[in-house]
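Shown next: protein02.pdb, containing PDB, C-alpha atoms.
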ATOM      1  CA  MET A  13       9.392 -16.836  -1.920
ATOM      2  CA  ALA A  14       8.332 -14.783  -4.956
ATOM      3  CA  LEU A  15       8.197 -11.053  -4.317
ATOM      4  CA  ASP A  16       5.078 -10.170  -6.296
ATOM      5  CA  THR A  17       3.481  -7.238  -4.457
ATOM      6  CA  PHE A  18       3.889  -3.462  -4.355
ATOM      7  CA  ASP A  19       6.544  -2.262  -1.899
ATOM      8  CA  GLU A  20       4.900   1.084  -1.142
ATOM      9  CA  GLY A  21       3.907   1.480   2.505
ATOM     10  CA  ILE A  22       5.699  -1.674   3.687
ATOM     11  CA  ALA A  23       8.175  -1.527   6.561
ATOM     12  CA  LEU A  24      11.383  -3.530   6.765
ATOM     13  CA  GLY A  25      10.473  -7.145   7.439
ATOM     14  CA  GLY A  26       6.974  -6.724   5.999
ATOM     15  CA  LEU A  27       5.214  -9.085   3.614
ATOM     16  CA  ARG A  28       6.104  -8.836  -0.054
ATOM     17  CA  SER A  29       4.321 -11.855  -1.506
ATOM     18  CA  LYS A  30       0.610 -12.402  -2.074
ATOM     19  CA  ARG A  31       0.847 -15.884  -0.595
ATOM     20  CA  GLU A  32       2.242 -14.554   2.700
ATOM     21  CA  ILE A  33      -0.481 -11.938   2.957
ATOM     22  CA  LYS A  34      -3.188 -14.545   2.457
ATOM     23  CA  VAL A  35      -1.577 -16.811   5.051
ATOM     24  CA  LEU A  36      -1.468 -13.923   7.554
ATOM     25  CA  ILE A  37      -5.158 -13.151   6.994
ATOM     26  CA  CYS A  38      -6.040 -16.811   7.601
ATOM     27  CA  TYR A  39      -3.793 -16.846  10.677
ATOM     28  CA  LEU A  40      -5.625 -13.841  12.155
ATOM     29  CA  PHE A  41      -9.043 -15.413  11.655
ATOM     30  CA  PHE A  42      -7.749 -18.678  13.127
ATOM     31  CA  SER A  43      -6.228 -16.979  16.194
ATOM     32  CA  VAL A  44      -8.920 -14.397  17.025
ATOM     33  CA  LYS A  45     -12.138 -15.859  18.361
ATOM     34  CA  ASP A  46     -14.266 -12.701  18.022
ATOM     35  CA  LYS A  47     -16.121 -11.785  14.853
ATOM     36  CA  MET A  48     -13.906  -9.784  12.478
ATOM     37  CA  SER A  49     -14.748  -7.690   9.436
ATOM     38  CA  GLU A  50     -12.548  -7.054   6.424
ATOM     39  CA  SER A  51     -11.838  -3.517   7.643
ATOM     40  CA  ILE A  52     -10.501  -4.711  11.013
ATOM     41  CA  VAL A  53      -8.218  -7.304   9.422
ATOM     42  CA  THR A  54      -6.990  -4.821   6.837
ATOM     43  CA  GLU A  55      -6.248  -2.159   9.450
ATOM     44  CA  ALA A  56      -4.507  -4.695  11.702
ATOM     45  CA  ILE A  57      -2.086  -5.541   8.885
ATOM     46  CA  VAL A  58      -1.638  -2.076   7.404
ATOM     47  CA  ALA A  59      -1.302  -0.212  10.737
ATOM     48  CA  HIS A  60       2.221  -1.540  11.276
ATOM     49  CA  GLU A  61       3.081  -1.376   7.563
ATOM     50  CA  LEU A  62       3.189  -5.169   7.348
ATOM     51  CA  ALA A  63       1.759  -5.127   3.817
ATOM     52  CA  ASN A  64       0.480  -2.753   1.154
ATOM     53  CA  PHE A  65      -3.171  -1.701   1.657
ATOM     54  CA  PHE A  66      -4.260  -2.566  -1.888
ATOM     55  CA  GLU A  67      -2.478  -5.920  -1.754
ATOM     56  CA  VAL A  68      -4.281  -6.802   1.480
ATOM     57  CA  LYS A  69      -7.634  -5.912  -0.067
ATOM     58  CA  ALA A  70      -6.821  -8.003  -3.149
ATOM     59  CA  ALA A  71      -5.686 -10.952  -1.017
ATOM     60  CA  PHE A  72      -8.883 -10.776   1.044
ATOM     61  CA  GLY A  73     -10.936 -10.873  -2.144
ATOM     62  CA  GLU A  74      -9.010 -13.882  -3.441
ATOM     63  CA  LEU A  75      -9.570 -15.751  -0.173
ATOM     64  CA  LYS A  76     -13.303 -15.157  -0.479
ATOM     65  CA  ASN A  77     -13.364 -16.228  -4.120
ATOM     66  CA  SER A  78     -11.388 -19.399  -3.360
ATOM     67  CA  GLU A  79     -13.787 -20.161  -0.484
ATOM     68  CA  ASN A  80     -11.164 -19.959   2.254
ATOM     69  CA  LEU A  81     -13.323 -17.261   3.859
ATOM     70  CA  ALA A  82     -17.093 -17.263   4.144
ATOM     71  CA  GLU A  83     -19.542 -14.573   5.238
ATOM     72  CA  ASP A  84     -20.659 -14.905   8.845
ATOM     73  CA  GLU A  85     -22.920 -12.171  10.284
ATOM     74  CA  ILE A  86     -23.334  -8.413  10.489
ATOM     75  CA  VAL A  87     -21.600  -6.767  13.490
ATOM     76  CA  ASP A  88     -21.528  -2.993  14.004
ATOM     77  CA  GLY A  89     -23.003  -2.574  10.539
ATOM     78  CA  GLU A  90     -20.218  -4.556   8.846
ATOM     79  CA  GLU A  91     -20.110  -8.043   7.358
ATOM     80  CA  THR A  92     -17.874 -10.385   9.342
ATOM     81  CA  TYR A  93     -16.172 -13.508   8.030
ATOM     82  CA  ARG A  94     -15.079 -16.936   9.258
ATOM     83  CA  LEU A  95     -12.558 -19.463   8.020
ATOM     84  CA  THR A  96     -13.834 -22.429   6.057
ATOM     85  CA  GLU A  97     -12.168 -25.820   6.519
ATOM     86  CA  ASN A  98      -9.802 -24.948   3.656
ATOM     87  CA  GLY A  99      -8.923 -21.678   5.347
ATOM     88  CA  LYS A 100      -8.239 -23.434   8.641
ATOM     89  CA  MET A 101      -5.837 -25.807   6.885
ATOM     90  CA  VAL A 102      -3.966 -22.831   5.418
ATOM     91  CA  ALA A 103      -3.628 -21.257   8.861
ATOM     92  CA  GLU A 104      -2.549 -24.479  10.571
ATOM     93  CA  GLN A 105      -0.129 -25.707   7.916
ATOM     94  CA  LEU A 106       1.406 -22.422   6.738
ATOM     95  CA  GLY A 107       1.076 -20.094   9.733
ATOM     96  CA  SER A 108       4.500 -21.174  10.992
ATOM     97  CA  THR A 109       6.135 -19.914   7.778
ATOM     98  CA  LEU A 110       5.454 -16.292   8.781
ATOM     99  CA  ALA A 111       7.856 -14.340  10.967
ATOM    100  CA  TYR A 112       6.801 -14.288  14.619
ATOM    101  CA  SER A 113       7.111 -10.485  14.804
ATOM    102  CA  VAL A 114       4.715 -10.058  11.875
ATOM    103  CA  LYS A 115       2.106 -12.364  13.415
ATOM    104  CA  GLU A 116       2.467 -10.765  16.851
ATOM    105  CA  LYS A 117       2.047  -7.186  15.586
ATOM    106  CA  ALA A 118      -0.984  -8.022  13.450
ATOM    107  CA  LEU A 119      -2.638 -10.076  16.203
ATOM    108  CA  LYS A 120      -2.150  -7.414  18.899
ATOM    109  CA  CYS A 121      -3.524  -4.727  16.603
ATOM    110  CA  ALA A 122      -6.580  -6.822  15.663
ATOM    111  CA  LEU A 123      -7.379  -7.519  19.330
ATOM    112  CA  SER A 124      -6.933  -3.838  20.188
ATOM    113  CA  LEU A 125      -9.298  -2.765  17.402
ATOM    114  CA  LEU A 126     -11.924  -5.289  18.520
ATOM    115  CA  ALA A 127     -11.660  -4.086  22.125
ATOM    116  CA  GLU A 128     -12.004  -0.486  20.977
ATOM    117  CA  ARG A 129     -15.165  -1.254  19.015
ATOM    118  CA  LYS A 130     -16.635  -3.164  21.957
ATOM    119  CA  THR A 131     -15.977  -0.164  24.196
ATOM    120  CA  LEU A 132     -17.751   2.119  21.740
ATOM    121  CA  ARG A 133     -20.751  -0.246  21.655
ATOM    122  CA  GLU A 134     -21.094  -0.398  25.427
ATOM    123  CA  ASN A 135     -20.155   3.195  26.289
ATOM    124  CA  LEU A 136     -21.575   6.271  24.625
ATOM    125  CA  VAL A 137     -20.537   9.908  24.722
ATOM    126  CA  GLU A 138     -22.655  12.739  23.312
ATOM    127  CA  ILE A 139     -21.307  16.277  22.972
ATOM    128  CA  ARG A 140     -23.791  19.109  22.626
ATOM    129  CA  LYS A 141     -22.670  22.643  21.903
ATOM    130  CA  SER A 142     -24.259  25.492  23.841
ATOM    131  CA  GLU A 143     -23.775  29.246  23.939
ATOM    132  CA  ASN A 144     -21.216  29.050  26.736
ATOM    133  CA  GLY A 145     -19.445  25.805  25.855
ATOM    134  CA  CYS A 146     -20.327  22.127  25.573
ATOM    135  CA  GLN A 147     -22.414  19.612  27.500
ATOM    136  CA  VAL A 148     -20.728  16.192  27.540
ATOM    137  CA  THR A 149     -23.026  13.282  28.437
ATOM    138  CA  CYS A 150     -21.321   9.964  29.218
ATOM    139  CA  ARG A 151     -23.238   6.700  29.439
ATOM    140  CA  ILE A 152     -22.342   3.121  30.347
ATOM    141  CA  LEU A 153     -24.907   0.740  28.911
ATOM    142  CA  GLY A 154     -26.153  -2.343  30.720
ATOM    143  CA  GLY A 155     -28.729  -4.194  28.668
ATOM    144  CA  ASP A 156     -31.977  -2.221  28.515
ATOM    145  CA  ALA A 157     -30.911   0.337  31.126
ATOM    146  CA  ASP A 158     -27.988   2.676  31.748
ATOM    147  CA  LEU A 159     -25.583   1.528  34.470
ATOM    148  CA  LEU A 160     -24.268   5.068  34.707
ATOM    149  CA  SER A 161     -25.110   8.365  33.062
ATOM    150  CA  PHE A 162     -23.763  11.828  33.821
ATOM    151  CA  THR A 163     -23.276  15.174  32.107
ATOM    152  CA  LEU A 164     -20.280  17.490  32.498
ATOM    153  CA  PHE A 165     -19.741  21.037  31.296
ATOM    154  CA  ALA A 166     -16.720  21.798  29.120
ATOM    155  CA  PRO A 167     -15.817  25.385  28.165
ATOM    156  CA  ASP A 168     -14.789  24.436  24.634
ATOM    157  CA  MET A 169     -14.781  21.556  22.146
ATOM    158  CA  GLU A 170     -11.142  20.709  22.840
ATOM    159  CA  GLN A 171     -11.861  19.948  26.497
ATOM    160  CA  ALA A 172     -15.086  18.172  25.568
ATOM    161  CA  GLU A 173     -13.137  15.826  23.293
ATOM    162  CA  LEU A 174     -10.593  15.270  26.091
ATOM    163  CA  ILE A 175     -13.380  14.234  28.474
ATOM    164  CA  LYS A 176     -14.782  11.910  25.822
ATOM    165  CA  LYS A 177     -11.394  10.301  25.172
ATOM    166  CA  SER A 178     -10.665   9.829  28.885
ATOM    167  CA  PHE A 179     -14.072   8.302  29.574
ATOM    168  CA  LEU A 180     -13.861   5.853  26.665
ATOM    169  CA  SER A 181     -10.329   4.875  27.679
ATOM    170  CA  TYR A 182     -11.304   3.881  31.237
ATOM    171  CA  PRO A 183     -15.099   3.465  31.524
ATOM    172  CA  SER A 184     -14.891   0.696  34.143
ATOM    173  CA  THR A 185     -12.605   2.828  36.329
ATOM    174  CA  VAL A 186     -15.039   5.756  36.082
ATOM    175  CA  TYR A 187     -17.937   3.480  37.050
ATOM    176  CA  LYS A 188     -16.114   1.925  40.022
ATOM    177  CA  THR A 189     -14.993   5.338  41.283
ATOM    178  CA  MET A 190     -18.475   6.862  41.059
ATOM    179  CA  LEU A 191     -20.058   3.810  42.699
ATOM    180  CA  ALA A 192     -17.516   3.853  45.537
ATOM    181  CA  LEU A 193     -18.111   7.545  46.222
ATOM    182  CA  MET A 194     -21.901   7.292  46.086
ATOM    183  CA  THR A 195     -22.112   4.246  48.356
ATOM    184  CA  LYS A 196     -19.434   5.582  50.741
ATOM    185  CA  ASN A 197     -17.949   2.116  50.919
ATOM    186  CA  ARG A 198     -14.449   2.671  52.297
ATOM    187  CA  ASP A 199     -12.974  -0.495  50.761
ATOM    188  CA  ASN A 200     -14.401   0.374  47.364
ATOM    189  CA  VAL A 201     -13.110   3.942  47.650
ATOM    190  CA  TYR A 202      -9.593   2.666  48.319
ATOM    191  CA  ALA A 203      -9.895   0.250  45.393
ATOM    192  CA  ALA A 204     -11.105   3.081  43.158
ATOM    193  CA  LEU A 205      -8.192   5.284  44.221
ATOM    194  CA  GLU A 206      -5.752   2.462  43.437
ATOM    195  CA  ALA A 207      -7.351   2.075  39.999
ATOM    196  CA  LEU A 208      -6.979   5.821  39.398
ATOM    197  CA  MET A 209      -3.320   5.636  40.376
ATOM    198  CA  GLU A 210      -2.767   2.823  37.869
ATOM    199  CA  VAL A 211      -4.441   4.891  35.154
ATOM    200  CA  SER A 212      -2.221   7.899  35.851
ATOM    201  CA  LEU A 213       1.027   5.885  35.782
TER     202      LEU A 213
END
Since I need it in another form, could you write the structure as structure tokens?
Amino acid sequence: MALDTFDEGIALGGLRSKREIKVLICYLFFSVKDKMSESIVTEAIVAHELANFFEVKAAFGELKNSENLAEDEIVDGEETYRLTENGKMVAEQLGSTLAYSVKEKALKCALSLLAERKTLRENLVEIRKSENGCQVTCRILGGDADLLSFTLFAPDMEQAELIKKSFLSYPSTVYKTMLALMTKNRDNVYAALEALMEVSL
């Protein structure tokens, strides 16, 4: 395999050929069923230092120019892409040539990024500064109406950001806990407490 890429920012065992990078990009699109943008794919590969950032961007461009990737639709303000038949053949025929650890790391990161973006779409947090601190409003969206909305006071921005991070990390647990407490359903309260214990572990 020809080593024809920059080594900067690549960990041991990372990809050092343009062909491998293009195969990995096709593999990700073939394996992930959700819509993916160029930024998600690039971050999934670069996050674990599997390839050089500029080489990934160049490889993505080449795949588009060679019609292995085609534009799909706009999601979260970004263009997403899909594999063409040629791209699918690359993924199916050459995906096995990549190291399992490389594919696993990139795939897990891509799925994590997609889940994170979905959480941000469905759950909103607004922080408003006041004279005495911050008002943190958390919302869980459910179609045209809010499933849950509440506002907490935080004495400073640091604690406000902590509340935001905690809420976005476990929105379903927050919802189940609040619902259990408000309905005074003993079974649901126990289930909510068990969920909280799992979160804290």
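From CA of Ala122 (chain A) back to CA of Phe179 (chain A), the distance works out to 21.9 Å.
This file, filtered with the PyMOL selection byres ((chain A and resi 24) around 12), gives the residues Asp19, Glu20, Gly21, Ile22, Ala23, Gly25, Gly26, Leu27, Arg28, His60, Glu61, Leu62, Ala63, Ser113 and Val114 of chain A.
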Given the selection you just returned, output its residues as a file containing C-alpha atoms, formatted as an mmCIF file, keeping the file's coordinate frame.
data_model
loop_
_atom_site.group_PDB
_atom_site.id
_atom_site.type_symbol
_atom_site.label_atom_id
_atom_site.label_comp_id
_atom_site.auth_asym_id
_atom_site.auth_seq_id
_atom_site.Cartn_x
_atom_site.Cartn_y
_atom_site.Cartn_z
ATOM 1 C CA ASP A 19 6.544 -2.262 -1.899
ATOM 2 C CA GLU A 20 4.900 1.084 -1.142
ATOM 3 C CA GLY A 21 3.907 1.480 2.505
ATOM 4 C CA ILE A 22 5.699 -1.674 3.687
ATOM 5 C CA ALA A 23 8.175 -1.527 6.561
ATOM 6 C CA GLY A 25 10.473 -7.145 7.439
ATOM 7 C CA GLY A 26 6.974 -6.724 5.999
ATOM 8 C CA LEU A 27 5.214 -9.085 3.614
ATOM 9 C CA ARG A 28 6.104 -8.836 -0.054
ATOM 10 C CA HIS A 60 2.221 -1.540 11.276
ATOM 11 C CA GLU A 61 3.081 -1.376 7.563
ATOM 12 C CA LEU A 62 3.189 -5.169 7.348
ATOM 13 C CA ALA A 63 1.759 -5.127 3.817
ATOM 14 C CA SER A 113 7.111 -10.485 14.804
ATOM 15 C CA VAL A 114 4.715 -10.058 11.875
#
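Checking A:Met101, A:Ser161, A:Val137, A:Leu126 one by one against Lys45 (chain A), counting only C-alpha atoms, you find the shortest gap at A:Leu126.
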Edge lengths and centre, in Å to one decimal, as lines of an AutoDock Vina configuration file: that's what I need for the box along x, y and z that holds all listed atoms of region 191-208 of chain A plus 5 Å on each side.
center_x = -13.9
center_y = 3.5
center_z = 45.8
size_x = 26.4
size_y = 18.0
size_z = 22.9
Fewer than 2 positions away in the same chain doesn't count, so skip those; otherwise give me all residues within 10 Å of Leu160 (chain A), counting only C-alpha atoms, as a PDB file with C-alpha atoms, in the frame of the given file.
ATOM      1  CA  ASN A 135     -20.155   3.195  26.289  1.00  0.00           C
ATOM      2  CA  CYS A 150     -21.321   9.964  29.218  1.00  0.00           C
ATOM      3  CA  ARG A 151     -23.238   6.700  29.439  1.00  0.00           C
ATOM      4  CA  ILE A 152     -22.342   3.121  30.347  1.00  0.00           C
ATOM      5  CA  LEU A 153     -24.907   0.740  28.911  1.00  0.00           C
ATOM      6  CA  GLY A 154     -26.153  -2.343  30.720  1.00  0.00           C
ATOM      7  CA  ALA A 157     -30.911   0.337  31.126  1.00  0.00           C
ATOM      8  CA  ASP A 158     -27.988   2.676  31.748  1.00  0.00           C
ATOM      9  CA  PHE A 162     -23.763  11.828  33.821  1.00  0.00           C
ATOM     10  CA  PRO A 183     -15.099   3.465  31.524  1.00  0.00           C
ATOM     11  CA  VAL A 186     -15.039   5.756  36.082  1.00  0.00           C
ATOM     12  CA  TYR A 187     -17.937   3.480  37.050  1.00  0.00           C
ATOM     13  CA  MET A 190     -18.475   6.862  41.059  1.00  0.00           C
ATOM     14  CA  LEU A 191     -20.058   3.810  42.699  1.00  0.00           C
TER      15      LEU A 191
END
For Met169 (chain A): contacts at 7 Å, only C-alpha atoms, fewer than 3 positions along chain excluded, given as a compact mmCIF listing (two decimals) with C-alpha atoms, in the coordinates of the input:
# COMPACT_ATOMS: atom_id res chain seq x y z
CA CYS A 146 -20.33 22.13 25.57
CA ALA A 172 -15.09 18.17 25.57
CA GLU A 173 -13.14 15.83 23.29
Q) For Ile37 (chain A), which of A:Phe72, A:Asn64, A:Ile52, A:Ser184 is the closest residue, counting only C-alpha atoms? A) A:Phe72
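For the choices A:Asp156, A:Asp46, A:Glu32, A:Glu170, the atom-to-atom distance to Leu106 (chain A) is smallest for A:Glu32 when using all atoms listed in the file.
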Q: List the residues selected by the PyMOL selection byres ((chain A and resi 165) around 8) in the file shown, writing them as an MDAnalysis selection string.
A: chainID A and resid 145:148 163:164 166:167 172
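Nearest residue to Glu85 (chain A) among A:Ile57, A:Leu119, A:Met48, A:Leu110 is A:Met48, counting only C-alpha atoms.
Picture a line from CA of Ser142 (chain A) to CA of Tyr182 (chain A); it runs 26.3 Å.
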Q) In terms of the shortest atom-to-atom distance over all atoms listed in the file, which of A:Glu55, A:Asp199, A:Glu97, A:Glu67 is closest to Leu123 (chain A)? A) A:Glu55
Can you list, as a compact mmCIF listing (two decimals) with C-alpha atoms, in the frame of the given file, the residues that the PyMOL selection byres ((chain A and resi 47) around 12) selects here?
# COMPACT_ATOMS: atom_id res chain seq x y z
CA LEU A 40 -5.62 -13.84 12.16
CA PHE A 41 -9.04 -15.41 11.66
CA PHE A 42 -7.75 -18.68 13.13
CA SER A 43 -6.23 -16.98 16.19
CA VAL A 44 -8.92 -14.40 17.02
CA LYS A 45 -12.14 -15.86 18.36
CA ASP A 46 -14.27 -12.70 18.02
CA MET A 48 -13.91 -9.78 12.48
CA SER A 49 -14.75 -7.69 9.44
CA GLU A 50 -12.55 -7.05 6.42
CA SER A 51 -11.84 -3.52 7.64
CA ILE A 52 -10.50 -4.71 11.01
CA VAL A 53 -8.22 -7.30 9.42
CA GLU A 83 -19.54 -14.57 5.24
CA ASP A 84 -20.66 -14.90 8.85
CA GLU A 85 -22.92 -12.17 10.28
CA ILE A 86 -23.33 -8.41 10.49
CA VAL A 87 -21.60 -6.77 13.49
CA ASP A 88 -21.53 -2.99 14.00
CA GLU A 90 -20.22 -4.56 8.85
CA GLU A 91 -20.11 -8.04 7.36
CA THR A 92 -17.87 -10.38 9.34
CA TYR A 93 -16.17 -13.51 8.03
CA ARG A 94 -15.08 -16.94 9.26
CA LEU A 95 -12.56 -19.46 8.02
CA ALA A 122 -6.58 -6.82 15.66
CA LEU A 123 -7.38 -7.52 19.33
CA LEU A 125 -9.30 -2.76 17.40
CA LEU A 126 -11.92 -5.29 18.52
CA ALA A 127 -11.66 -4.09 22.12
CA ARG A 129 -15.16 -1.25 19.02
CA LYS A 130 -16.64 -3.16 21.96
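Among the candidates A:Leu180, A:Met209, A:Val201, A:Ala59, the one nearest to Lys117 (chain A) when counting all atoms listed in the file is A:Ala59.
Between CA of Leu81 (chain A) and CA of Gly99 (chain A) the separation is 6.4 Å.
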